[in-house]
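Here's final13.cif, which has mmCIF, C-alpha atoms:
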data_start
#
loop_
_atom_site.label_atom_id
_atom_site.label_comp_id
_atom_site.auth_asym_id
_atom_site.auth_seq_id
_atom_site.Cartn_x
_atom_site.Cartn_y
_atom_site.Cartn_z
CA MET A 1 -49.12 2.61 -28.17
CA SER A 2 -47.67 5.17 -30.61
CA ILE A 3 -50.70 7.49 -30.15
CA PHE A 4 -50.16 7.48 -26.36
CA GLN A 5 -46.45 8.18 -26.78
CA ASP A 6 -47.13 11.00 -29.22
CA LYS A 7 -49.61 12.48 -26.74
CA ILE A 8 -46.99 12.50 -23.97
CA GLU A 9 -44.36 14.09 -26.19
CA LEU A 10 -46.89 16.73 -27.22
CA GLN A 11 -47.67 17.55 -23.60
CA ILE A 12 -43.95 17.89 -22.82
CA GLU A 13 -43.43 20.25 -25.74
CA GLU A 14 -46.43 22.30 -24.65
CA ALA A 15 -45.03 22.53 -21.13
CA GLU A 16 -41.66 23.66 -22.50
CA LEU A 17 -43.32 26.35 -24.65
CA ALA A 18 -45.41 27.52 -21.71
CA ALA A 19 -42.30 27.78 -19.51
CA GLN A 20 -40.43 29.64 -22.28
CA LYS A 21 -43.31 32.13 -22.74
CA SER A 22 -43.49 32.65 -18.96
CA ILE A 23 -39.80 33.47 -18.83
CA GLU A 24 -40.09 35.81 -21.82
CA LEU A 25 -42.93 37.69 -20.11
CA LEU A 26 -40.76 38.35 -17.02
CA PRO A 27 -39.09 41.76 -16.63
CA PRO A 28 -35.48 41.78 -17.83
CA ALA A 29 -34.03 42.22 -14.30
CA LEU A 30 -36.08 39.35 -12.90
CA LYS A 31 -35.29 37.23 -15.93
CA TRP A 32 -31.54 37.64 -15.44
CA PHE A 33 -31.89 37.02 -11.70
CA PHE A 34 -33.72 33.77 -12.43
CA ILE A 35 -31.06 32.66 -14.95
CA ILE A 36 -28.13 33.53 -12.60
CA GLY A 37 -29.87 31.69 -9.74
CA ILE A 38 -30.18 28.53 -11.82
CA ILE A 39 -26.52 28.74 -12.86
CA ALA A 40 -25.43 29.39 -9.25
CA ILE A 41 -27.17 26.24 -8.04
CA ILE A 42 -24.50 24.03 -9.64
CA PRO A 43 -21.39 25.28 -7.70
CA VAL A 44 -23.45 25.66 -4.50
CA TYR A 45 -24.45 22.00 -4.77
CA PHE A 46 -20.88 20.77 -5.14
CA ILE A 47 -19.56 23.08 -2.40
CA SER A 48 -22.26 21.86 0.00
CA LYS A 49 -21.48 18.27 -0.88
CA VAL A 50 -17.77 18.71 -0.13
CA ILE A 51 -18.43 20.51 3.17
CA SER A 52 -20.96 17.95 4.42
CA GLN A 53 -18.66 15.07 3.44
CA HIS A 54 -15.81 16.65 5.40
CA ILE A 55 -18.02 17.15 8.48
CA TRP A 56 -19.44 13.63 8.52
CA GLN A 57 -16.06 12.06 7.83
CA GLY A 58 -14.63 13.87 10.84
CA ARG A 59 -17.43 12.57 13.04
CA TYR A 60 -17.01 9.00 11.79
CA GLU A 61 -13.26 9.09 12.43
CA GLN A 62 -13.88 10.08 16.04
CA ASN A 63 -16.08 7.03 16.55
CA LEU A 64 -13.85 4.53 14.77
CA LEU A 65 -12.75 1.52 16.84
CA ALA A 66 -8.99 1.59 17.25
CA ALA A 67 -6.87 -1.34 18.41
CA LYS A 68 -5.71 -0.77 21.98
CA PRO A 69 -3.63 -2.96 24.29
CA SER A 70 -5.78 -4.93 26.73
CA PHE A 71 -3.44 -4.00 29.60
CA THR A 72 -0.51 -1.76 30.43
CA ASN A 73 2.09 -1.68 33.17
CA ALA A 74 2.03 -5.35 34.17
CA LYS A 75 3.66 -5.94 37.54
CA ALA A 76 6.75 -8.14 37.65
CA PRO A 77 6.53 -11.45 39.55
CA THR A 78 7.52 -11.39 43.20
CA ILE A 79 10.39 -13.81 43.84
CA SER A 80 11.59 -15.05 47.22
CA ASP A 81 15.14 -15.98 48.15
CA ILE A 82 16.33 -19.34 46.84
CA THR A 83 16.82 -21.93 49.57
CA VAL A 84 19.42 -24.62 48.89
CA THR A 85 19.11 -27.80 50.94
CA THR A 86 21.17 -30.94 51.43
CA LEU A 87 20.46 -34.20 53.22
CA LYS A 88 23.73 -35.90 52.30
CA ALA A 89 27.17 -34.80 51.18
CA GLY A 90 27.43 -33.67 47.57
CA SER A 91 23.67 -33.87 46.98
CA TYR A 92 21.54 -30.72 46.87
CA ALA A 93 18.08 -29.41 46.01
CA ALA A 94 16.49 -25.98 46.03
CA ALA A 95 13.18 -24.16 46.25
CA LEU A 96 11.79 -20.68 45.95
CA THR A 97 8.38 -19.04 45.90
CA ILE A 98 7.19 -17.02 42.92
CA SER A 99 4.01 -14.92 43.07
CA ASN A 100 1.95 -13.18 40.40
CA PRO A 101 0.73 -9.80 41.74
CA ASN A 102 -1.50 -9.24 38.68
CA PHE A 103 -5.15 -10.11 39.27
CA ASP A 104 -6.08 -10.57 35.59
CA LEU A 105 -2.82 -11.44 33.83
CA SER A 106 -1.15 -14.80 33.39
CA LEU A 107 2.03 -16.35 32.01
CA ASP A 108 2.34 -19.63 30.15
CA GLN A 109 5.27 -21.72 28.94
CA VAL A 110 7.85 -19.16 30.04
CA PRO A 111 11.40 -20.56 30.07
CA TYR A 112 13.49 -19.94 33.16
CA GLN A 113 16.85 -20.95 34.53
CA ILE A 114 18.18 -21.28 38.06
CA ILE A 115 21.97 -20.97 38.23
CA PHE A 116 24.04 -22.05 41.22
CA TYR A 117 27.42 -20.54 42.12
CA ASN A 118 30.19 -21.52 44.52
CA ALA A 119 31.90 -19.13 46.92
CA GLN A 120 34.13 -17.89 44.09
CA LYS A 121 31.05 -16.88 42.02
CA GLN A 122 31.73 -19.70 39.58
CA GLN A 123 28.78 -21.53 38.06
CA ILE A 124 28.58 -25.10 39.29
CA TYR A 125 25.08 -26.14 38.15
CA SER A 126 22.05 -24.82 36.25
CA TYR A 127 18.47 -26.04 36.07
CA THR A 128 16.20 -25.13 33.13
CA ASP A 129 12.45 -25.52 32.90
CA LYS A 130 9.25 -23.69 31.89
CA LEU A 131 6.71 -22.13 34.21
CA PHE A 132 3.15 -20.92 34.14
CA LEU A 133 1.54 -18.42 36.49
CA LEU A 134 -2.19 -17.95 36.91
CA PRO A 135 -3.62 -14.58 37.96
CA ASN A 136 -2.83 -13.85 41.62
CA GLN A 137 -1.11 -17.24 42.02
CA ALA A 138 1.77 -18.05 44.36
CA LYS A 139 3.63 -21.32 43.88
CA TYR A 140 6.85 -23.18 44.52
CA LEU A 141 9.59 -23.49 41.94
CA THR A 142 11.65 -26.49 42.93
CA VAL A 143 14.95 -27.86 41.73
CA PRO A 144 15.13 -31.64 42.15
CA THR A 145 18.17 -33.31 43.65
CA PHE A 146 21.45 -32.62 41.86
CA THR A 147 25.09 -33.32 42.61
CA ALA A 148 27.92 -30.80 42.66
CA GLN A 149 31.55 -30.98 43.72
CA ASP A 150 31.50 -27.52 45.29
CA LEU A 151 29.10 -26.29 47.93
CA PRO A 152 26.48 -23.97 46.38
CA ALA A 153 27.00 -20.57 47.99
CA SER A 154 24.36 -18.64 46.04
CA ALA A 155 21.74 -19.06 43.34
CA ALA A 156 19.85 -16.81 40.95
CA LEU A 157 16.63 -17.14 38.97
CA GLN A 158 16.73 -15.87 35.38
CA LEU A 159 13.48 -14.95 33.59
CA PRO A 160 12.93 -13.26 30.20
CA ASN A 161 13.32 -9.48 30.30
CA ASN A 162 9.81 -8.97 28.95
CA PRO A 163 7.59 -11.84 30.11
CA PRO A 164 4.72 -12.51 27.66
CA TRP A 165 1.81 -11.53 29.90
CA GLN A 166 -1.66 -12.45 28.66
CA LYS A 167 -5.10 -11.21 29.61
CA ARG A 168 -7.44 -14.10 28.92
CA LEU A 169 -11.19 -13.78 28.80
CA GLN A 170 -11.68 -17.17 30.41
CA ILE A 171 -9.45 -19.64 32.23
CA PRO A 172 -10.62 -23.21 32.94
CA THR A 173 -10.93 -24.07 36.62
CA VAL A 174 -9.23 -27.22 37.89
CA ASP A 175 -9.23 -27.92 41.61
CA LEU A 176 -6.48 -30.26 42.81
CA VAL A 177 -7.09 -31.40 46.38
CA VAL A 178 -3.99 -32.70 48.19
CA SER A 179 -4.51 -34.82 51.29
CA PRO A 180 -2.28 -34.27 54.35
CA PRO A 181 0.91 -36.28 53.72
CA SER A 182 2.52 -38.72 56.09
CA SER A 183 6.19 -39.56 56.46
CA THR A 184 8.35 -42.44 57.67
CA GLN A 185 12.05 -42.97 58.17
CA GLN A 186 12.76 -46.14 56.23
CA SER A 187 15.62 -48.26 57.47
CA SER A 188 16.20 -50.82 54.74
CA PRO A 189 17.16 -49.35 52.40
CA SER A 190 17.70 -46.10 54.29
CA ALA A 191 15.39 -43.34 53.02
CA PHE A 192 13.05 -40.60 54.09
CA VAL A 193 9.62 -41.43 52.64
CA VAL A 194 6.56 -39.23 52.13
CA THR A 195 3.25 -40.78 51.07
CA GLY A 196 -0.14 -39.29 50.28
CA ASP A 197 -2.56 -38.66 47.48
CA PHE A 198 -4.26 -35.92 45.50
CA THR A 199 -7.60 -35.77 43.68
CA ASN A 200 -8.47 -34.13 40.39
CA GLN A 201 -11.75 -32.40 41.24
CA SER A 202 -12.57 -31.46 37.66
CA PRO A 203 -14.23 -33.01 34.58
CA TYR A 204 -10.97 -32.77 32.59
CA ILE A 205 -8.30 -35.32 31.82
CA LEU A 206 -5.06 -33.66 32.92
CA GLY A 207 -2.04 -34.34 30.76
CA SER A 208 0.40 -33.73 33.61
CA VAL A 209 0.34 -32.65 37.25
CA ARG A 210 3.45 -31.50 39.08
CA LEU A 211 3.82 -32.23 42.77
CA ALA A 212 6.20 -30.00 44.74
CA PHE A 213 7.49 -31.34 48.08
CA VAL A 214 8.94 -28.89 50.60
CA VAL A 215 9.94 -30.23 54.02
CA TYR A 216 10.37 -27.88 57.01
CA ASP A 217 12.00 -28.46 60.38
CA THR A 218 10.61 -27.35 63.73
CA ASN A 219 12.12 -23.87 63.17
CA ASN A 220 10.15 -23.51 59.91
CA LYS A 221 13.35 -23.81 57.90
CA ILE A 222 13.35 -25.69 54.58
CA ILE A 223 15.48 -28.82 54.95
CA ALA A 224 14.39 -30.99 51.99
CA VAL A 225 12.93 -30.39 48.53
CA SER A 226 11.78 -32.62 45.71
CA GLN A 227 9.28 -32.81 42.85
CA ARG A 228 7.56 -35.37 40.66
CA ASP A 229 5.22 -35.33 37.65
CA GLU A 230 2.08 -37.43 37.36
CA PHE A 231 0.63 -37.99 33.89
CA THR A 232 -2.86 -38.60 32.48
CA VAL A 233 -4.90 -37.94 35.59
CA GLY A 234 -8.56 -38.69 34.88
CA PRO A 235 -11.61 -36.66 35.89
CA PHE A 236 -12.28 -36.91 39.65
CA GLN A 237 -9.48 -39.44 39.93
CA ARG A 238 -7.59 -39.96 43.16
CA ARG A 239 -3.89 -40.59 42.61
CA SER A 240 -1.54 -41.88 45.30
CA TYR A 241 2.19 -41.14 45.46
CA THR A 242 5.28 -42.28 47.35
CA GLN A 243 8.23 -39.90 47.35
CA LEU A 244 11.65 -40.99 48.60
CA TRP A 245 14.87 -39.26 49.56
CA PRO A 246 17.32 -42.20 49.41
CA GLN A 247 19.96 -42.45 52.14
CA ALA A 248 18.54 -39.36 53.84
CA TYR A 249 17.63 -38.75 57.44
CA VAL A 250 15.39 -35.87 58.49
CA PRO A 251 15.83 -34.81 62.12
CA ALA A 252 13.48 -32.40 63.89
CA LEU A 253 10.75 -32.72 61.29
CA GLY A 254 8.29 -29.85 61.47
CA LYS A 255 5.86 -30.07 58.52
CA ILE A 256 5.64 -31.29 54.96
CA ASP A 257 4.04 -29.03 52.36
CA VAL A 258 2.88 -30.80 49.19
CA GLN A 259 1.46 -28.64 46.40
CA ALA A 260 -0.09 -29.84 43.12
CA TYR A 261 -0.05 -27.71 39.94
CA THR A 262 -1.41 -28.25 36.45
CA ASP A 263 -1.21 -25.89 33.48
CA VAL A 264 -4.81 -24.91 32.72
CA LEU A 265 -3.53 -22.29 30.25
CA ASP A 266 -2.25 -24.99 27.90
CA PRO A 267 -5.14 -26.40 25.82
CA ASN A 268 -3.09 -29.52 25.12
CA ASN A 269 -2.96 -30.26 28.84
CA LEU A 270 -6.74 -30.43 29.25
CA SER A 271 -9.05 -32.79 27.43
CA ALA A 272 -12.59 -34.07 27.87
CA PRO A 273 -13.18 -37.80 28.23
CA SER A 274 -14.71 -39.43 25.20
CA THR A 275 -18.32 -40.55 25.53
CA PRO A 276 -18.74 -44.22 24.68
CA SER A 277 -21.36 -44.85 22.04
CA GLY A 278 -24.19 -47.15 23.02
CA SER A 279 -26.99 -48.81 21.10
CA SER A 280 -29.26 -45.80 21.68
CA SER A 281 -26.78 -43.34 20.14
CA ASP A 282 -25.36 -45.52 17.39
CA LEU A 283 -26.91 -44.50 14.07
CA SER A 284 -24.81 -46.83 11.92
CA HIS A 285 -26.34 -49.72 9.98
CA PRO A 286 -26.43 -52.98 11.89
CA ALA A 287 -23.72 -55.37 10.91
CA ALA A 288 -24.69 -58.53 9.05
CA SER A 289 -24.83 -61.65 11.18
CA GLN A 290 -21.79 -63.83 10.63
#

What do you get writing this file as structure tokens?
Amino acid sequence: MSIFQDKIELQIEEAELAAQKSIELLPPALKWFFIIGIIAIIPVYFISKVISQHIWQGRYEQNLLAAKPSFTNAKAPTISDITVTTLKAGSYAAALTISNPNFDLSLDQVPYQIIFYNAQKQQIYSYTDKLFLLPNQAKYLTVPTFTAQDLPASAALQLPNNPPWQKRLQIPTVDLVVSPPSSTQQSSPSAFVVTGDFTNQSPYILGSVRLAFVVYDTNNKIIAVSQRDEFTVGPFQRRSYTQLWPQAYVPALGKIDVQAYTDVLDPNNLSAPSTPSGSSSDLSHPAASQ
């Protein structure tokens, strides 16, 4: 091993001597040119390195992914006039229509307030709740029956100044089918009664479903409003309802519009039914016979 190593070292020394003799045999001008060229290689290398790094860094920065908002200039919801109704003295309800003009934006769990004023612009009642709006959705906002000493002369809907719009990649689809309602004028006890049903045409268990009832007369004027919430509606379940307006009489009935809404934006409102385990899927050890 030492002989082989000595042989390699000897060959290196011979190569160095040969290179030194070759340089010494060069003309003085060429010799100095060769030496200056070798020395000049060092700064040229570092200068080239700095320039190339600057160029490539500039190109990389142009292609960097920057965080950008998923949407700009969201359109404000379209809100109809608020209709206040009464079927008996001192008892009132209200309804309005709110529409989302954005085709890919939604709102969820947005607090709102509807304030009622008398003729002197004094507040006599307020109703607070939360709303959701799906893309391109129009829906009723209803105020259930309330009592007030003064006649409501006007009402106003208050929403946050900057609603928290969201652009979701995917929204679950839940189809709620409402059957045509029927109505009766009950005599004992006196009440206006609306009956019907709706069906959850989806594979989800729905935590809650809101039913909005808007009654029109023959002139297409809203004359009665109400709402109710149904809870834990199973997949493909049909749910019946009976809605009453106690001590109310509805003359010149035109139509009854019943709408069903459920918040598909709230993950806590949707759940999948549990699959019961059978003998074929049960991998546990069999229990000992008692």

With 10 Å as the cut-off and only C-alpha atoms counted, what is the closest atom pair between each nearby residue of stretch 66-176 of chain A and stretch 246-255 of chain A? Distances in Å to one decimal, ordered by chain and number, as JSON lines.
{"residue": "A:Thr86", "atom": "CA", "partner": "A:Ala248", "partner_atom": "CA", "distance": 9.1}
{"residue": "A:Leu87", "atom": "CA", "partner": "A:Ala248", "partner_atom": "CA", "distance": 5.5}
{"residue": "A:Lys88", "atom": "CA", "partner": "A:Ala248", "partner_atom": "CA", "distance": 6.4}

Next on the checklist: Residues near A:Ile256, anyone? I mean within 12 Å using all atoms listed in the file, not counting same-chain ones fewer than 3 positions away, as a PyMOL selection string.
Outcome noted: chain A and resi 178-184+192-196+212-218+220-226+243+250+252-253+259

Next on the checklist: List as a PyMOL selection string the residues having at least one atom at most 10 Å from position (4.0, -10.3, 39.0) as given in the file, counting only C-alpha atoms.
Outcome noted: chain A and resi 74-79+98-103+105-107+133+135-138+163+165

Those same residues - C-alpha atoms - I'd like them written as an mmCIF file, in the frame of the given file.
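File produced: result-v5.cif:
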data_model
loop_
_atom_site.group_PDB
_atom_site.id
_atom_site.type_symbol
_atom_site.label_atom_id
_atom_site.label_comp_id
_atom_site.auth_asym_id
_atom_site.auth_seq_id
_atom_site.Cartn_x
_atom_site.Cartn_y
_atom_site.Cartn_z
ATOM 1 C CA ALA A 74 2.030 -5.350 34.170
ATOM 2 C CA LYS A 75 3.660 -5.940 37.540
ATOM 3 C CA ALA A 76 6.750 -8.140 37.650
ATOM 4 C CA PRO A 77 6.530 -11.450 39.550
ATOM 5 C CA THR A 78 7.520 -11.390 43.200
ATOM 6 C CA ILE A 79 10.390 -13.810 43.840
ATOM 7 C CA ILE A 98 7.190 -17.020 42.920
ATOM 8 C CA SER A 99 4.010 -14.920 43.070
ATOM 9 C CA ASN A 100 1.950 -13.180 40.400
ATOM 10 C CA PRO A 101 0.730 -9.800 41.740
ATOM 11 C CA ASN A 102 -1.500 -9.240 38.680
ATOM 12 C CA PHE A 103 -5.150 -10.110 39.270
ATOM 13 C CA LEU A 105 -2.820 -11.440 33.830
ATOM 14 C CA SER A 106 -1.150 -14.800 33.390
ATOM 15 C CA LEU A 107 2.030 -16.350 32.010
ATOM 16 C CA LEU A 133 1.540 -18.420 36.490
ATOM 17 C CA PRO A 135 -3.620 -14.580 37.960
ATOM 18 C CA ASN A 136 -2.830 -13.850 41.620
ATOM 19 C CA GLN A 137 -1.110 -17.240 42.020
ATOM 20 C CA ALA A 138 1.770 -18.050 44.360
ATOM 21 C CA PRO A 163 7.590 -11.840 30.110
ATOM 22 C CA TRP A 165 1.810 -11.530 29.900
#

Give me, as a tab-separated table, the closest atom pair and its distance (Å, one decimal) for every residue of stretch 207-273 of chain A within a cut-off of 8 Å of stretch 200-203 of chain A, counting only C-alpha atoms, rows sorted by chain and rising number.
residue	atom	partner	partner_atom	distance
A:Val233	CA	A:Asn200	CA	7.1
A:Gly234	CA	A:Asn200	CA	7.2
A:Pro235	CA	A:Pro203	CA	4.7
A:Phe236	CA	A:Asn200	CA	4.8
A:Gln237	CA	A:Asn200	CA	5.4
A:Arg238	CA	A:Asn200	CA	6.5
A:Ala272	CA	A:Pro203	CA	7.0

Could you tell me, as a compact mmCIF listing (two decimals) with C-alpha atoms, in the coordinates of the input, exactly which residues end up selected when the PyMOL selection byres ((chain A and resi 116-124) around 6) is applied to this structure?
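Wrote out.txt, looks like this:
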# COMPACT_ATOMS: atom_id res chain seq x y z
CA ILE A 115 21.97 -20.97 38.23
CA TYR A 125 25.08 -26.14 38.15
CA LEU A 151 29.10 -26.29 47.93
CA PRO A 152 26.48 -23.97 46.38
CA ALA A 153 27.00 -20.57 47.99
CA SER A 154 24.36 -18.64 46.04
CA ALA A 155 21.74 -19.06 43.34

Item to check | Distance in Å - atom CA of A:Thr85 versus atom CA of A:Ser126 | outcome: 15.3 Å
